[in-house]
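Source file: start-v5.tsv (TSV, C-alpha atoms (C1' of nucleotides) and all ligand atoms)
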```tsv
chain	number	residue	atom	x	y	z
A	1	MET	CA	0.00	0.00	0.00
A	2	ILE	CA	1.56	3.21	-1.18
A	3	ALA	CA	0.23	6.50	0.10
A	4	THR	CA	0.38	8.56	-3.08
A	5	TYR	CA	1.26	7.57	-6.57
A	6	THR	CA	2.96	9.95	-8.97
A	7	SER	CA	3.20	9.39	-12.70
A	8	SER	CA	6.65	7.91	-12.29
A	9	SER	CA	6.00	5.69	-9.31
A	10	LEU	CA	2.97	4.29	-11.12
A	11	LYS	CA	5.09	3.76	-14.21
A	12	ALA	CA	7.78	2.02	-12.18
A	13	GLU	CA	5.31	-0.34	-10.56
A	14	LEU	CA	3.69	-1.19	-13.89
A	15	ASN	CA	6.95	-1.70	-15.75
A	16	GLU	CA	8.26	-3.95	-13.01
A	17	LYS	CA	5.62	-6.46	-14.05
A	18	GLY	CA	6.00	-5.89	-17.77
A	19	TRP	CA	3.04	-3.56	-18.13
A	20	ARG	CA	2.91	-0.09	-19.57
A	21	LEU	CA	1.86	3.28	-18.38
A	22	THR	CA	-0.85	4.62	-20.64
A	23	PRO	CA	-2.65	7.97	-20.52
A	24	GLN	CA	-5.83	6.08	-19.70
A	25	ARG	CA	-4.34	4.41	-16.65
A	26	GLU	CA	-2.85	7.66	-15.45
A	27	THR	CA	-6.15	9.47	-15.89
A	28	ILE	CA	-8.11	6.81	-14.03
A	29	LEU	CA	-5.73	6.80	-11.08
A	30	ASN	CA	-6.01	10.57	-10.97
A	31	VAL	CA	-9.77	10.44	-10.66
A	32	PHE	CA	-9.49	8.22	-7.61
A	33	GLN	CA	-6.80	10.38	-6.05
A	34	ASN	CA	-9.03	13.43	-6.33
A	35	LEU	CA	-12.15	11.70	-5.07
A	36	PRO	CA	-13.78	13.13	-1.93
A	37	LYS	CA	-13.31	11.06	1.20
A	38	GLY	CA	-15.94	8.35	1.56
A	39	LYS	CA	-16.82	8.30	-2.15
A	40	HIS	CA	-16.77	5.01	-4.04
A	41	LEU	CA	-17.04	4.59	-7.79
A	42	SER	CA	-18.50	1.77	-9.85
A	43	ALA	CA	-17.19	1.09	-13.35
A	44	GLU	CA	-20.13	2.98	-14.79
A	45	ASP	CA	-19.72	5.85	-12.32
A	46	LEU	CA	-16.12	6.20	-13.44
A	47	TYR	CA	-17.17	6.06	-17.08
A	48	ASN	CA	-19.59	8.92	-16.52
A	49	VAL	CA	-17.10	11.02	-14.59
A	50	LEU	CA	-14.60	10.63	-17.40
A	51	GLN	CA	-17.19	11.49	-20.02
A	52	GLU	CA	-17.99	14.73	-18.22
A	53	GLU	CA	-14.31	15.57	-17.93
A	54	GLY	CA	-13.96	15.11	-21.67
A	55	ALA	CA	-11.61	12.13	-21.29
A	56	GLY	CA	-13.68	9.55	-23.14
A	57	ILE	CA	-12.21	6.23	-22.05
A	58	SER	CA	-14.06	3.13	-23.19
A	59	LEU	CA	-15.93	0.97	-20.73
A	60	SER	CA	-13.80	-2.05	-21.64
A	61	THR	CA	-10.64	-0.20	-20.72
A	62	ILE	CA	-12.22	0.96	-17.51
A	63	TYR	CA	-13.11	-2.57	-16.48
A	64	ARG	CA	-9.64	-3.81	-17.39
A	65	THR	CA	-7.92	-1.01	-15.54
A	66	LEU	CA	-10.00	-1.35	-12.41
A	67	LYS	CA	-9.30	-5.04	-12.23
A	68	LEU	CA	-5.61	-4.54	-12.90
A	69	MET	CA	-5.23	-1.88	-10.24
A	70	ALA	CA	-7.17	-3.93	-7.74
A	71	ARG	CA	-4.87	-6.89	-8.34
A	72	MET	CA	-1.86	-4.63	-7.93
A	73	GLY	CA	-3.21	-3.41	-4.62
A	74	ILE	CA	-3.63	0.18	-5.84
A	75	LEU	CA	-7.42	0.07	-5.63
A	76	ARG	CA	-9.77	-1.74	-3.31
A	77	GLU	CA	-12.63	-3.69	-4.80
A	78	LEU	CA	-15.71	-3.37	-2.61
A	79	GLU	CA	-18.97	-5.29	-2.60
A	80	LEU	CA	-21.42	-2.76	-1.31
A	81	ALA	CA	-24.62	-4.77	-1.75
A	82	GLU	CA	-25.82	-3.09	-4.90
A	83	GLY	CA	-25.23	-5.74	-7.50
A	84	HIS	CA	-22.00	-4.28	-8.81
A	85	LYS	CA	-18.53	-3.57	-7.52
A	86	HIS	CA	-17.24	-0.27	-6.21
A	87	TYR	CA	-13.69	0.94	-6.10
A	88	GLU	CA	-11.68	3.34	-4.00
A	89	LEU	CA	-7.99	4.07	-3.40
A	90	ASN	CA	-6.32	1.46	-1.23
A	91	GLN	CA	-4.68	3.70	1.32
A	92	PRO	CA	-2.56	2.70	4.32
A	93	HIS	CA	-2.99	3.72	7.91
A	94	PRO	CA	-4.43	6.13	8.98
A	95	TYR	CA	-6.77	6.29	5.97
A	96	HIS	CA	-7.48	2.59	5.91
A	97	HIS	CA	-11.09	1.96	6.87
A	98	HIS	CA	-14.00	-0.45	6.73
A	99	HIS	CA	-17.67	-0.54	5.78
A	100	LEU	CA	-20.96	-1.00	7.56
A	101	ILE	CA	-23.71	-1.71	5.03
A	102	CYS	CA	-27.48	-1.84	5.30
A	103	VAL	CA	-28.60	-4.91	3.36
A	104	ARG	CA	-31.97	-3.32	2.65
A	105	CYS	CA	-31.22	0.21	1.45
A	106	SER	CA	-27.47	-0.18	0.83
A	107	LYS	CA	-26.66	2.87	2.96
A	108	THR	CA	-22.98	2.59	3.81
A	109	ILE	CA	-21.00	3.98	6.71
A	110	GLU	CA	-17.23	3.98	6.93
A	111	PHE	CA	-15.41	3.35	10.16
A	112	LYS	CA	-11.85	2.87	11.28
A	113	ASN	CA	-10.20	0.37	13.55
A	114	ASP	CA	-6.49	0.01	13.98
A	115	GLN	CA	-6.53	-3.62	15.03
A	116	ILE	CA	-8.11	-5.00	11.87
A	117	LEU	CA	-5.19	-4.34	9.58
A	118	LYS	CA	-2.84	-5.91	12.10
A	119	ILE	CA	-5.01	-8.99	12.42
A	120	GLY	CA	-5.28	-9.26	8.65
A	121	SER	CA	-1.56	-8.87	8.08
A	122	LYS	CA	-0.78	-11.52	10.61
A	123	ALA	CA	-3.29	-13.96	9.12
A	124	ALA	CA	-1.84	-13.45	5.64
A	125	GLN	CA	1.73	-13.71	6.83
A	126	LYS	CA	1.06	-16.91	8.73
A	127	ASP	CA	0.26	-18.73	5.48
A	128	GLY	CA	2.82	-16.95	3.35
A	129	TYR	CA	0.27	-14.86	1.46
A	130	TYR	CA	1.21	-11.46	0.05
A	131	LEU	CA	-1.37	-9.02	1.41
A	132	LEU	CA	-3.23	-6.78	-1.01
A	133	ASP	CA	-6.25	-5.61	0.93
A	134	CYS	CA	-7.99	-6.36	4.16
A	135	GLN	CA	-11.62	-5.31	4.63
A	136	LEU	CA	-14.05	-5.85	7.42
A	137	THR	CA	-17.53	-5.84	5.91
A	138	ILE	CA	-20.48	-5.63	8.23
A	139	HIS	CA	-23.90	-6.53	6.90
A	140	ALA	CA	-26.67	-5.07	8.98
A	141	VAL	CA	-30.01	-3.27	8.97
A	142	CYS	CA	-29.93	0.47	9.44
A	143	PRO	CA	-32.20	2.23	11.97
A	144	THR	CA	-34.48	3.59	9.24
A	145	CYS	CA	-35.00	0.19	7.65
A	146	GLN	CA	-35.59	-1.37	11.07
A	147	ARG	CA	-38.48	1.01	11.59
A	148	SER	CA	-39.86	0.50	8.10
A	149	LEU	CA	-42.82	-1.87	8.20
A	150	MET	CA	-42.14	-3.16	4.72
A	151	PRO	CA	-40.76	-6.69	4.78
A	152	THR	CA	-38.14	-8.11	2.41
B	153	MET	CA	-27.11	-15.54	15.00
B	154	ILE	CA	-28.79	-18.70	16.17
B	155	ALA	CA	-26.72	-21.81	16.60
B	156	THR	CA	-29.10	-24.40	15.21
B	157	TYR	CA	-32.44	-24.02	13.54
B	158	THR	CA	-35.14	-26.61	13.85
B	159	SER	CA	-38.20	-26.78	11.66
B	160	SER	CA	-40.21	-24.93	14.22
B	161	SER	CA	-37.72	-22.22	15.10
B	162	LEU	CA	-37.33	-21.53	11.40
B	163	LYS	CA	-41.08	-21.41	10.99
B	164	ALA	CA	-41.41	-19.05	13.91
B	165	GLU	CA	-38.81	-16.69	12.55
B	166	LEU	CA	-40.40	-16.71	9.09
B	167	ASN	CA	-43.96	-16.27	10.29
B	168	GLU	CA	-42.96	-13.37	12.49
B	169	LYS	CA	-42.31	-11.42	9.31
B	170	GLY	CA	-45.32	-12.67	7.43
B	171	TRP	CA	-43.40	-15.32	5.50
B	172	ARG	CA	-44.11	-19.00	5.24
B	173	LEU	CA	-42.23	-22.17	5.94
B	174	THR	CA	-42.16	-24.24	2.78
B	175	PRO	CA	-40.66	-27.68	2.19
B	176	GLN	CA	-38.16	-26.04	-0.16
B	177	ARG	CA	-36.89	-23.65	2.48
B	178	GLU	CA	-36.63	-26.40	5.04
B	179	THR	CA	-34.73	-28.62	2.62
B	180	ILE	CA	-32.28	-25.89	1.70
B	181	LEU	CA	-31.50	-25.02	5.30
B	182	ASN	CA	-30.93	-28.71	5.93
B	183	VAL	CA	-28.33	-28.92	3.21
B	184	PHE	CA	-26.35	-26.12	4.81
B	185	GLN	CA	-26.67	-27.62	8.26
B	186	ASN	CA	-25.19	-30.90	7.04
B	187	LEU	CA	-22.40	-29.30	5.03
B	188	PRO	CA	-18.82	-30.26	5.97
B	189	LYS	CA	-16.84	-27.60	7.78
B	190	GLY	CA	-15.13	-25.19	5.41
B	191	LYS	CA	-17.44	-25.93	2.49
B	192	HIS	CA	-19.25	-23.10	0.70
B	193	LEU	CA	-21.99	-23.44	-1.88
B	194	SER	CA	-22.91	-21.28	-4.82
B	195	ALA	CA	-26.49	-21.17	-6.07
B	196	GLU	CA	-25.62	-23.61	-8.80
B	197	ASP	CA	-23.72	-25.89	-6.40
B	198	LEU	CA	-26.81	-26.05	-4.23
B	199	TYR	CA	-28.99	-26.74	-7.26
B	200	ASN	CA	-26.79	-29.70	-8.19
B	201	VAL	CA	-26.68	-31.09	-4.67
B	202	LEU	CA	-30.46	-30.98	-4.52
B	203	GLN	CA	-30.80	-32.63	-7.92
B	204	GLU	CA	-28.64	-35.51	-6.77
B	205	GLU	CA	-30.64	-35.87	-3.60
B	206	GLY	CA	-33.81	-36.10	-5.67
B	207	ALA	CA	-35.23	-32.86	-4.26
B	208	GLY	CA	-35.62	-30.95	-7.48
B	209	ILE	CA	-35.93	-27.34	-6.39
B	210	SER	CA	-35.92	-24.77	-9.16
B	211	LEU	CA	-33.05	-22.36	-9.60
B	212	SER	CA	-35.41	-19.41	-9.15
B	213	THR	CA	-36.45	-20.68	-5.76
B	214	ILE	CA	-32.86	-21.33	-4.80
B	215	TYR	CA	-31.81	-17.78	-5.62
B	216	ARG	CA	-34.83	-16.37	-3.79
B	217	THR	CA	-34.22	-18.53	-0.73
B	218	LEU	CA	-30.51	-17.79	-0.50
B	219	LYS	CA	-31.15	-14.07	-0.61
B	220	LEU	CA	-33.94	-14.32	1.92
B	221	MET	CA	-31.91	-16.34	4.38
B	222	ALA	CA	-28.93	-14.06	4.01
B	223	ARG	CA	-31.12	-11.06	4.79
B	224	MET	CA	-32.48	-12.87	7.82
B	225	GLY	CA	-28.98	-13.56	9.05
B	226	ILE	CA	-29.35	-17.33	8.71
B	227	LEU	CA	-26.81	-17.59	5.92
B	228	ARG	CA	-23.67	-15.61	5.15
B	229	GLU	CA	-23.18	-14.31	1.63
B	230	LEU	CA	-19.52	-14.51	0.66
B	231	GLU	CA	-17.61	-12.96	-2.22
B	232	LEU	CA	-14.87	-15.45	-2.81
B	233	ALA	CA	-13.42	-13.91	-5.97
B	234	GLU	CA	-14.93	-16.29	-8.48
B	235	GLY	CA	-17.57	-14.17	-10.14
B	236	HIS	CA	-20.45	-15.52	-8.14
B	237	LYS	CA	-21.55	-15.59	-4.54
B	238	HIS	CA	-21.07	-18.42	-2.08
B	239	TYR	CA	-23.11	-19.20	0.98
B	240	GLU	CA	-22.55	-20.92	4.30
B	241	LEU	CA	-24.36	-21.10	7.64
B	242	ASN	CA	-23.97	-17.98	9.72
B	243	GLN	CA	-22.82	-19.47	12.98
B	244	PRO	CA	-21.88	-17.72	16.21
B	245	HIS	CA	-18.74	-18.08	18.26
B	246	PRO	CA	-16.79	-20.39	18.26
B	247	TYR	CA	-17.64	-21.34	14.67
B	248	HIS	CA	-17.56	-17.81	13.34
B	249	HIS	CA	-14.61	-17.36	11.01
B	250	HIS	CA	-13.12	-15.32	8.20
B	251	HIS	CA	-11.55	-15.78	4.77
B	252	LEU	CA	-8.14	-15.28	3.21
B	253	ILE	CA	-8.43	-15.36	-0.57
B	254	CYS	CA	-5.85	-15.54	-3.34
B	255	VAL	CA	-6.95	-13.06	-6.00
B	256	ARG	CA	-5.20	-15.07	-8.71
B	257	CYS	CA	-6.23	-18.68	-8.14
B	258	SER	CA	-9.13	-18.08	-5.72
B	259	LYS	CA	-7.72	-20.52	-3.17
B	260	THR	CA	-9.43	-19.73	0.12
B	261	ILE	CA	-8.30	-20.33	3.68
B	262	GLU	CA	-10.51	-19.92	6.72
B	263	PHE	CA	-9.22	-18.48	9.95
B	264	LYS	CA	-10.65	-17.42	13.27
B	265	ASN	CA	-10.17	-14.36	15.39
B	266	ASP	CA	-12.19	-13.55	18.44
B	267	GLN	CA	-11.70	-9.80	18.32
B	268	ILE	CA	-13.29	-9.26	14.92
B	269	LEU	CA	-16.83	-10.08	15.91
B	270	LYS	CA	-16.51	-7.81	18.93
B	271	ILE	CA	-15.21	-4.95	16.81
B	272	GLY	CA	-17.98	-5.49	14.27
B	273	SER	CA	-20.71	-5.63	16.87
B	274	LYS	CA	-19.50	-2.44	18.45
B	275	ALA	CA	-19.33	-0.61	15.13
B	276	ALA	CA	-22.87	-1.67	14.24
B	277	GLN	CA	-24.22	-0.83	17.66
B	278	LYS	CA	-22.65	2.62	17.64
B	279	ASP	CA	-24.82	3.66	14.69
B	280	GLY	CA	-27.91	1.75	15.73
B	281	TYR	CA	-27.56	-0.92	13.06
B	282	TYR	CA	-28.92	-4.42	13.63
B	283	LEU	CA	-26.02	-6.78	12.97
B	284	LEU	CA	-26.50	-9.64	10.53
B	285	ASP	CA	-22.98	-10.68	9.64
B	286	CYS	CA	-19.46	-9.50	10.07
B	287	GLN	CA	-16.72	-10.78	7.79
B	288	LEU	CA	-13.09	-9.94	7.46
B	289	THR	CA	-12.06	-10.60	3.88
B	290	ILE	CA	-8.39	-10.61	3.04
B	291	HIS	CA	-7.36	-10.32	-0.58
B	292	ALA	CA	-3.85	-11.56	-1.15
B	293	VAL	CA	-1.57	-13.63	-3.37
B	294	CYS	CA	-0.86	-17.18	-2.27
B	295	PRO	CA	2.69	-18.57	-2.14
B	296	THR	CA	2.17	-20.67	-5.26
B	297	CYS	CA	0.93	-17.73	-7.30
B	298	GLN	CA	3.76	-15.55	-6.01
B	299	ARG	CA	6.26	-18.03	-7.44
B	300	SER	CA	4.41	-18.36	-10.72
B	301	LEU	CA	6.12	-16.25	-13.37
B	302	MET	CA	2.91	-15.57	-15.23
B	303	PRO	CA	1.77	-11.98	-14.76
B	304	THR	CA	-1.83	-10.80	-14.43
C	305	DC	C1'	-61.96	-29.44	8.60
C	306	DT	C1'	-63.22	-25.80	5.00
C	307	DG	C1'	-62.63	-21.93	2.46
C	308	DC	C1'	-60.30	-17.54	1.72
C	309	DT	C1'	-56.35	-14.74	1.18
C	310	DT	C1'	-51.97	-14.19	-0.28
C	311	DA	C1'	-47.08	-15.77	-0.24
C	312	DT	C1'	-44.50	-18.97	-2.91
C	313	DT	C1'	-43.26	-21.89	-6.58
C	314	DG	C1'	-41.43	-23.39	-11.30
C	315	DA	C1'	-40.36	-22.41	-16.08
C	316	DG	C1'	-38.57	-19.57	-19.03
C	317	DA	C1'	-37.63	-14.95	-20.69
C	318	DA	C1'	-35.17	-10.87	-19.71
C	319	DT	C1'	-31.69	-8.07	-17.58
C	320	DC	C1'	-27.32	-6.22	-16.91
C	321	DG	C1'	-22.61	-6.20	-15.11
C	322	DT	C1'	-18.66	-8.01	-16.90
C	323	DT	C1'	-15.53	-10.43	-20.12
C	324	DG	C1'	-13.91	-11.90	-24.72
C	325	DT	C1'	-12.64	-10.82	-29.62
C	326	DT	C1'	-10.92	-8.07	-33.24
C	327	DG	C1'	-8.14	-5.04	-36.08
C	328	DA	C1'	-5.93	-0.62	-35.28
C	329	DA	C1'	-2.85	2.32	-32.52
C	330	DA	C1'	0.76	3.18	-29.23
C	331	DA	C1'	4.62	1.90	-26.21
C	332	DG	C1'	9.15	0.00	-25.49
C	333	DA	C1'	13.49	-2.01	-27.18
C	334	DA	C1'	17.34	-1.74	-30.23
D	335	DT	C1'	13.35	4.71	-37.20
D	336	DT	C1'	11.83	-0.17	-37.34
D	337	DC	C1'	10.35	-4.21	-35.14
D	338	DT	C1'	7.81	-6.56	-31.50
D	339	DT	C1'	4.60	-6.60	-27.87
D	340	DT	C1'	0.98	-4.60	-25.35
D	341	DT	C1'	-3.03	-1.93	-25.13
D	342	DC	C1'	-6.93	0.28	-27.07
D	343	DA	C1'	-12.01	0.99	-28.62
D	344	DA	C1'	-15.99	-0.99	-30.24
D	345	DC	C1'	-19.05	-4.36	-30.05
D	346	DA	C1'	-20.44	-9.18	-29.50
D	347	DA	C1'	-21.01	-12.67	-26.16
D	348	DC	C1'	-21.49	-14.52	-21.71
D	349	DG	C1'	-23.35	-15.89	-17.36
D	350	DA	C1'	-25.13	-14.97	-12.88
D	351	DT	C1'	-29.12	-13.15	-11.16
D	352	DT	C1'	-33.74	-11.24	-11.44
D	353	DC	C1'	-38.29	-10.81	-13.35
D	354	DT	C1'	-42.91	-12.38	-15.03
D	355	DC	C1'	-46.93	-14.93	-14.57
D	356	DA	C1'	-50.08	-18.64	-14.06
D	357	DA	C1'	-50.56	-22.48	-10.85
D	358	DT	C1'	-50.04	-24.07	-6.15
D	359	DA	C1'	-50.24	-24.34	-1.25
D	360	DA	C1'	-49.18	-21.98	3.59
D	361	DG	C1'	-51.42	-19.81	7.19
D	362	DC	C1'	-55.41	-18.40	9.31
D	363	DA	C1'	-60.26	-17.49	10.69
D	364	DG	C1'	-64.51	-19.51	11.23
E	401	MN	MN	-14.66	3.55	1.64
E	402	MN	MN	-16.27	-20.24	5.43
E	403	ZN	ZN	-31.30	0.72	5.41
E	404	ZN	ZN	-3.10	-18.35	-5.70
```
Using structure tokens, write down the structure from this file.
Ligand SMILES: [Mn+2]
Ligand SMILES: [Mn+2]
Ligand SMILES: [Zn+2]
Ligand SMILES: [Zn+2]
Amino acid sequence: MIATYTSSSLKAELNEKGWRLTPQRETILNVFQNLPKGKHLSAEDLYNVLQEEGAGISLSTIYRTLKLMARMGILRELELAEGHKHYELNQPHPYHHHHLICVRCSKTIEFKNDQILKIGSKAAQKDGYYLLDCQLTIHAVCPTCQRSLMPT
Amino acid sequence: MIATYTSSSLKAELNEKGWRLTPQRETILNVFQNLPKGKHLSAEDLYNVLQEEGAGISLSTIYRTLKLMARMGILRELELAEGHKHYELNQPHPYHHHHLICVRCSKTIEFKNDQILKIGSKAAQKDGYYLLDCQLTIHAVCPTCQRSLMPT
DNA sequence: CTGCTTATTGAGAATCGTTGTTGAAAAGAA
DNA sequence: TTCTTTTCAACAACGATTCTCAATAAGCAG
């Protein structure tokens, strides 16, 4: 987990594995770096953001880039109970955080806890795994949905 | 989180919300209750198991039941990096556990940690959420895949 | 037990997020 | 530059999940 990527550190990390730095990849990383705290983007969200900014990157490239960056540990891939994945920068302590999700309305709250990352690192290390991301996901029912009479 | 459901405790919990106990729901819960430790089932896995057992339950019903039971907190819905969801019984301490997943080959290891559930409960409680499930998911690269020269 | 109301089922069609395929363009090496 | 390899955009294809709807059967009140 690197705190902030620059063009050249991104290039270095890509080249190390035989990949290339393209304008598209640089642009996409930039969007995530300038994202407000607590904001998560789906592939389609990102596509729309880029359209508005005039940087028309194809959906295919977006999907490929998101997956690539998630596998490199640059982005976190989140399942926020909406039928599609969301992504955000994978930042180290003290920005590292977790998600509390309402399974009914999908409202999501972020929270921090210093122990989690330690527990996760230790678990990965114990079996010789190289840690990419460590997320505590809490599925729950929010106060509003608890009050709602509607079942389901 | 209830340790073991019987026909009647399941019925009670369903009826409380205006739902009904059907033979299909009872059968499906039974499959999970008799599943070997560490085994997870996808919707299609479950469909096949039921076919072999002679209890032909339709895929539609399986999907509906899995979602229902996950929302009730009876089952856990897991994202094990294979493009589809997996399910297992949602059991309390000391059976409650977490998952360490290789993002390349999807190999999954289960591990336990007593603190996690406490941390999760506290986080949910703080915001008035009703806890259903709490899972620490670790994305990593397994030793074998680290050695493999193949990128991606 | 009987009948009524309404949740649930099964079969298949439909949806939609994601992945695969292709020829063209761009990056990196020499 | 020139050659080789990777990446791109566009669109087709895929597959997991959801939806639709007529038929069935829980649950409940009498
Ligand atoms: Mn977040
Ligand atoms: Mn498990
Ligand atoms: Zn809610
Ligand atoms: Zn692996």
Given a cut-off of 10 Å, which residues of chain A touch chain C, counting only C-alpha atoms (C1' of nucleotides), written out as a PDB file with C-alpha atoms, in the frame of the given file?
```
ATOM      1  CA  TRP A  19       3.040  -3.560 -18.130  1.00  0.00           C
ATOM      2  CA  ARG A  20       2.910  -0.090 -19.570  1.00  0.00           C
ATOM      3  CA  LEU A  21       1.860   3.280 -18.380  1.00  0.00           C
ATOM      4  CA  THR A  22      -0.850   4.620 -20.640  1.00  0.00           C
ATOM      5  CA  ALA A  43     -17.190   1.090 -13.350  1.00  0.00           C
ATOM      6  CA  GLU A  44     -20.130   2.980 -14.790  1.00  0.00           C
ATOM      7  CA  SER A  60     -13.800  -2.050 -21.640  1.00  0.00           C
ATOM      8  CA  TYR A  63     -13.110  -2.570 -16.480  1.00  0.00           C
ATOM      9  CA  ARG A  64      -9.640  -3.810 -17.390  1.00  0.00           C
ATOM     10  CA  GLY A  83     -25.230  -5.740  -7.500  1.00  0.00           C
ATOM     11  CA  HIS A  84     -22.000  -4.280  -8.810  1.00  0.00           C
ATOM     12  CA  LYS A  85     -18.530  -3.570  -7.520  1.00  0.00           C
TER      13      LYS A  85
END
```
Could you give me, as a tab-separated table, a per-residue list for chain A showing, wherever an atom lies at most 12 Å from an atom of ligand ZN 404 (chain E), the closest pair of atoms and their distance in Å to one decimal, using all atoms listed in the file and sorting by chain then residue number from low to high?
```
residue	atom	partner	partner_atom	distance
A:Arg71	CA	E:ZN404	ZN	11.9
A:Asp127	CA	E:ZN404	ZN	11.7
A:Gly128	CA	E:ZN404	ZN	10.9
A:Tyr129	CA	E:ZN404	ZN	8.6
A:Tyr130	CA	E:ZN404	ZN	10.0
A:Leu131	CA	E:ZN404	ZN	11.9
```
Writing out the chosen residues with C-alpha atoms as a compact mmCIF listing (two decimals), in the frame of the given file:
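The resulting selection-v6.txt:
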```
# COMPACT_ATOMS: atom_id res chain seq x y z
CA ARG A 71 -4.87 -6.89 -8.34
CA ASP A 127 0.26 -18.73 5.48
CA GLY A 128 2.82 -16.95 3.35
CA TYR A 129 0.27 -14.86 1.46
CA TYR A 130 1.21 -11.46 0.05
CA LEU A 131 -1.37 -9.02 1.41
```
Near B:Arg256, counting all atoms listed in the file, which residues have an atom at most 10 Å away, once you skip same-chain residues fewer than 6 positions from it, shown as a list of chain:residue names?
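Listing them by chain and then by number gives A:Arg71, B:Ala233, B:Glu234, B:His291, B:Ala292, B:Val293, B:Cys294, B:Thr296, B:Cys297, B:Gln298, B:Pro303, B:Thr304.
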Would you list the residues near (-12.0, 4.8, 8.7) (no more than 10 Å away, in the coordinates of the file, using all atoms listed in the file) as a VMD selection string?
chain A and resid 37 to 38 93 to 99 109 to 114
One decimal, Å: what's the distance from atom CA of B:Leu181 over to atom C1' of D:DC355, could you say?
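Computed distance, atom CA of B:Leu181 to atom C1' of D:DC355, equals 27.1 Å.
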One number please: atom CA of B:Tyr157 to atom C1' of D:DA360, in Å, one decimal.
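Distance reported for this atom pair: 19.6 Å.
Shortest separation to ligand MN 402 (chain E) among B:Ser300, B:Ser273, B:Gln267, B:Thr260 occurs at residue B:Thr260, atoms counted being all atoms listed in the file.
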Stretch 242-246 of chain B rebuilt with all heavy atoms, output as a tab-separated table (two decimals), in the frame of the given file:
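Result file follows (rebuild-v5.tsv):
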```
chain	number	residue	atom	x	y	z
B	242	ASN	N	-24.50	-19.08	8.90
B	242	ASN	CA	-23.97	-17.98	9.72
B	242	ASN	C	-23.99	-18.42	11.19
B	242	ASN	O	-24.99	-18.29	11.86
B	242	ASN	CB	-24.84	-16.74	9.53
B	242	ASN	CG	-24.23	-15.53	10.19
B	242	ASN	OD1	-23.06	-15.53	10.55
B	242	ASN	ND2	-25.04	-14.49	10.32
B	243	GLN	N	-22.87	-18.93	11.63
B	243	GLN	CA	-22.82	-19.47	12.98
B	243	GLN	C	-22.10	-18.53	13.94
B	243	GLN	O	-21.21	-17.80	13.56
B	243	GLN	CB	-22.11	-20.83	12.97
B	243	GLN	CG	-22.89	-21.88	12.21
B	243	GLN	CD	-22.13	-23.19	12.12
B	243	GLN	OE1	-21.06	-23.27	11.53
B	243	GLN	NE2	-22.68	-24.22	12.74
B	244	PRO	N	-22.49	-18.58	15.21
B	244	PRO	CA	-21.88	-17.72	16.21
B	244	PRO	C	-20.55	-18.30	16.70
B	244	PRO	O	-20.15	-19.37	16.27
B	244	PRO	CB	-22.91	-17.72	17.34
B	244	PRO	CG	-23.54	-19.07	17.25
B	244	PRO	CD	-23.53	-19.44	15.80
B	245	HIS	N	-19.93	-17.58	17.57
B	245	HIS	CA	-18.74	-18.08	18.26
B	245	HIS	C	-19.02	-19.46	18.83
B	245	HIS	O	-20.09	-19.67	19.36
B	245	HIS	CB	-18.38	-17.11	19.39
B	245	HIS	CG	-17.14	-17.47	20.13
B	245	HIS	ND1	-15.88	-17.13	19.68
B	245	HIS	CD2	-16.94	-18.16	21.29
B	245	HIS	CE1	-14.99	-17.58	20.52
B	245	HIS	NE2	-15.60	-18.21	21.51
B	246	PRO	N	-18.16	-20.45	18.77
B	246	PRO	CA	-16.79	-20.39	18.26
B	246	PRO	C	-16.64	-20.83	16.81
B	246	PRO	O	-15.53	-21.12	16.39
B	246	PRO	CB	-16.08	-21.36	19.18
B	246	PRO	CG	-17.09	-22.43	19.42
B	246	PRO	CD	-18.44	-21.75	19.38
```
